[in-house]
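Listing of entry.pdb; format and content: PDB, C-alpha atoms.
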```pdb
ATOM      1  CA  MET A  89      25.236  24.663  11.190
ATOM      2  CA  LEU A  90      21.896  26.413  11.536
ATOM      3  CA  ALA A  91      20.881  25.285   8.040
ATOM      4  CA  LYS A  92      21.645  21.657   8.931
ATOM      5  CA  SER A  93      19.546  21.905  12.079
ATOM      6  CA  VAL A  94      16.622  23.389  10.151
ATOM      7  CA  LEU A  95      16.840  20.661   7.506
ATOM      8  CA  VAL A  96      16.929  17.909  10.130
ATOM      9  CA  LEU A  97      13.885  19.357  11.896
ATOM     10  CA  ALA A  98      12.012  19.735   8.597
ATOM     11  CA  PHE A  99      12.767  16.149   7.634
ATOM     12  CA  ALA A 100      11.630  14.902  11.050
ATOM     13  CA  ALA A 101       8.374  16.845  10.755
ATOM     14  CA  LEU A 102       7.703  15.428   7.284
ATOM     15  CA  SER A 103       8.380  11.871   8.378
ATOM     16  CA  LEU A 104       5.964  12.222  11.289
ATOM     17  CA  ALA A 105       3.272  13.697   9.048
ATOM     18  CA  ALA A 106       3.560  10.934   6.424
ATOM     19  CA  PRO A 107       0.906   8.212   6.336
ATOM     20  CA  HIS A 108       1.920   5.110   8.256
ATOM     21  CA  GLY A 109       0.406   2.384   6.086
ATOM     22  CA  GLY A 110      -3.135   2.250   7.407
ATOM     23  CA  SER A 111      -5.631   0.522   5.136
ATOM     24  CA  SER A 112      -8.614   2.358   3.705
ATOM     25  CA  ASP A 113     -12.109   0.964   3.281
ATOM     26  CA  ALA A 114     -11.789   1.049  -0.526
ATOM     27  CA  GLN A 115      -8.535  -0.918  -0.362
ATOM     28  CA  LEU A 116      -9.960  -3.576   1.955
ATOM     29  CA  LYS A 117     -13.099  -3.891  -0.172
ATOM     30  CA  ARG A 118     -11.021  -4.412  -3.335
ATOM     31  CA  VAL A 119      -8.809  -6.981  -1.603
ATOM     32  CA  GLU A 120     -11.880  -8.938  -0.476
ATOM     33  CA  GLU A 121     -13.229  -8.909  -4.065
ATOM     34  CA  LEU A 122      -9.926 -10.281  -5.351
ATOM     35  CA  ARG A 123      -9.792 -12.953  -2.649
ATOM     36  CA  LYS A 124     -13.292 -14.103  -3.611
ATOM     37  CA  LYS A 125     -12.026 -14.488  -7.184
ATOM     38  CA  GLY A 126      -9.258 -16.811  -5.986
ATOM     39  CA  LEU A 127      -6.254 -14.536  -5.563
ATOM     40  CA  VAL A 128      -4.006 -14.671  -2.514
ATOM     41  CA  CYS A 129      -3.352 -11.172  -1.162
ATOM     42  CA  ASN A 130      -0.693 -10.252   1.393
ATOM     43  CA  LYS A 131      -0.112  -6.876   3.032
ATOM     44  CA  GLN A 132       3.230  -5.266   2.225
ATOM     45  CA  PRO A 133       5.211  -2.857   4.441
ATOM     46  CA  GLN A 134       4.471   0.104   2.141
ATOM     47  CA  GLY A 135       0.728  -0.192   2.813
ATOM     48  CA  HIS A 136      -0.056  -1.971  -0.441
ATOM     49  CA  PHE A 137      -1.510  -5.445  -0.834
ATOM     50  CA  TYR A 138       0.349  -7.771  -3.205
ATOM     51  CA  CYS A 139      -1.979 -10.303  -4.850
ATOM     52  CA  SER A 140      -1.118 -13.404  -6.856
ATOM     53  CA  ASP A 141      -3.058 -16.134  -8.628
ATOM     54  CA  GLY A 142      -0.173 -18.618  -8.374
ATOM     55  CA  PHE A 143       0.421 -18.679 -12.148
ATOM     56  CA  GLY A 144       2.400 -15.450 -12.534
ATOM     57  CA  GLY A 145      -0.630 -13.139 -12.534
ATOM     58  CA  ASP A 146       0.681 -10.783  -9.867
ATOM     59  CA  CYS A 147      -0.724  -7.354  -9.080
ATOM     60  CA  TYR A 148      -1.034  -4.859  -6.251
ATOM     61  CA  VAL A 149      -3.804  -2.832  -4.602
ATOM     62  CA  ASP A 150      -2.830   0.625  -3.369
ATOM     63  CA  ILE A 151      -4.213   2.554  -0.407
ATOM     64  CA  ARG A 152      -7.013   4.110  -2.519
ATOM     65  CA  GLY A 153      -8.253   0.747  -3.812
ATOM     66  CA  GLY A 154      -6.647   1.189  -7.225
ATOM     67  CA  GLY A 155      -3.552  -0.569  -8.462
ATOM     68  CA  SER A 156      -2.590  -2.950 -11.212
ATOM     69  CA  CYS A 157      -5.198  -5.711 -10.767
ATOM     70  CA  LEU A 158      -7.245  -6.091 -13.937
ATOM     71  CA  ILE A 159      -9.804  -8.627 -12.762
TER
END
```
Take the structure I supplied and represent it as structure tokens, if you would.
Amino acid sequence: MLAKSVLVLAFAALSLAAPHGGSSDAQLKRVEELRKKGLVCNKQPQGHFYCSDGFGGDCYVDIRGGGSCLI
């Protein structure tokens, strides 16, 4: 019983300490660059931006400004 209580408290502490999807300056800068190039970017619940060109060229921008966008 004590072990279960400790695990529940540890999990609660970790979930409170986790990032809550705030955008960084690098991410917002990259999203603006992609929007200027014609992509449509939408914020996702995980904190990423999902970008699409409308022709199947989909990519994402992560919180650090990286991701899978090649343009």
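For the pair atom CA of A:Gln115 and atom CA of A:Phe143, the interatomic distance is 23.1 Å.
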*Can you list what the PyMOL selection byres ((chain A and resi 157-159) around 6) grabs from this structure, as a list in words?*
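Taken on the displayed file, the PyMOL selection byres ((chain A and resi 157-159) around 6) yields the residues Cys147, Gly155 and Ser156 of chain A.
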*Determine, counting only C-alpha atoms, every residue of protein, DNA or RNA that lies within 10 Å of (-7.5, 0.4, -1.5) in the file coordinates, then give the result as number ranges by chain.*
A: 111-119, 135-137, 148-155
*Kindly give the distance, in Å, that separates atom CA of A:Gly144 and atom CA of A:Glu120, rounded to a single decimal.*
19.8 Å
Centre and size of axis-aligned box enclosing stretch 118-121 of chain A plus 5 Å each side, as AutoDock Vina command-line options:
```
--center_x -11.0 --center_y -6.7 --center_z -2.3 --size_x 14.4 --size_y 14.5 --size_z 13.6
```
*Find the distance between atom CA of A:Glu121 and atom CA of A:Gln134 and write it in Å to one decimal.*
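So the two atoms, atom CA of A:Glu121 and atom CA of A:Gln134, lie 20.8 Å apart.
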*Specify as a PyMOL selection string each residue included when the PyMOL selection byres ((chain A and resi 141) around 9) is applied to this file.*
chain A and resi 126-129+139-140+142-146
Can I get stretch 133-151 of chain A with N, CA, C and O atoms filled in, as a compact mmCIF listing (two decimals), keeping the file's coordinate frame?
```
# COMPACT_ATOMS: atom_id res chain seq x y z
N PRO A 133 4.83 -3.92 3.50
CA PRO A 133 5.21 -2.86 4.44
C PRO A 133 4.86 -1.45 3.97
O PRO A 133 4.66 -0.57 4.77
N GLN A 134 4.76 -1.23 2.66
CA GLN A 134 4.47 0.10 2.14
C GLN A 134 3.00 0.47 2.24
O GLN A 134 2.60 1.54 1.85
N GLY A 135 2.16 -0.46 2.72
CA GLY A 135 0.73 -0.19 2.81
C GLY A 135 -0.06 -0.76 1.66
O GLY A 135 -1.28 -0.66 1.63
N HIS A 136 0.61 -1.34 0.69
CA HIS A 136 -0.06 -1.97 -0.44
C HIS A 136 -0.36 -3.43 -0.12
O HIS A 136 0.23 -4.01 0.78
N PHE A 137 -1.29 -4.00 -0.87
CA PHE A 137 -1.51 -5.44 -0.83
C PHE A 137 -0.97 -6.02 -2.13
O PHE A 137 -1.25 -5.50 -3.22
N TYR A 138 -0.20 -7.07 -2.04
CA TYR A 138 0.35 -7.77 -3.20
C TYR A 138 -0.48 -9.03 -3.39
O TYR A 138 -0.61 -9.84 -2.48
N CYS A 139 -1.09 -9.18 -4.56
CA CYS A 139 -1.98 -10.30 -4.85
C CYS A 139 -1.41 -11.16 -5.97
O CYS A 139 -0.82 -10.65 -6.91
N SER A 140 -1.64 -12.47 -5.87
CA SER A 140 -1.12 -13.40 -6.86
C SER A 140 -2.13 -14.51 -7.08
O SER A 140 -2.83 -14.94 -6.16
N ASP A 141 -2.18 -15.00 -8.33
CA ASP A 141 -3.06 -16.13 -8.63
C ASP A 141 -2.30 -17.45 -8.64
O ASP A 141 -2.88 -18.50 -8.87
N GLY A 142 -0.98 -17.41 -8.41
CA GLY A 142 -0.17 -18.62 -8.37
C GLY A 142 0.37 -19.03 -9.73
O GLY A 142 1.15 -19.97 -9.83
N PHE A 143 -0.03 -18.35 -10.79
CA PHE A 143 0.42 -18.68 -12.15
C PHE A 143 1.17 -17.51 -12.79
O PHE A 143 1.28 -17.43 -14.01
N GLY A 144 1.67 -16.59 -11.99
CA GLY A 144 2.40 -15.45 -12.53
C GLY A 144 1.54 -14.22 -12.73
O GLY A 144 2.03 -13.20 -13.21
N GLY A 145 0.26 -14.29 -12.41
CA GLY A 145 -0.63 -13.14 -12.53
C GLY A 145 -0.59 -12.31 -11.26
O GLY A 145 -1.50 -12.36 -10.45
N ASP A 146 0.49 -11.56 -11.09
CA ASP A 146 0.68 -10.78 -9.87
C ASP A 146 0.24 -9.35 -10.08
O ASP A 146 0.39 -8.79 -11.17
N CYS A 147 -0.31 -8.75 -9.02
CA CYS A 147 -0.72 -7.35 -9.08
C CYS A 147 -0.71 -6.79 -7.67
O CYS A 147 -0.45 -7.49 -6.71
N TYR A 148 -1.00 -5.49 -7.56
CA TYR A 148 -1.03 -4.86 -6.25
C TYR A 148 -2.28 -3.98 -6.13
O TYR A 148 -2.85 -3.56 -7.13
N VAL A 149 -2.69 -3.73 -4.91
CA VAL A 149 -3.80 -2.83 -4.60
C VAL A 149 -3.24 -1.73 -3.71
O VAL A 149 -2.71 -2.01 -2.64
N ASP A 150 -3.37 -0.48 -4.16
CA ASP A 150 -2.83 0.62 -3.37
C ASP A 150 -3.82 1.09 -2.29
O ASP A 150 -4.90 0.53 -2.15
N ILE A 151 -3.44 2.10 -1.56
CA ILE A 151 -4.21 2.55 -0.41
C ILE A 151 -5.59 3.10 -0.81
O ILE A 151 -6.53 3.07 -0.03
```
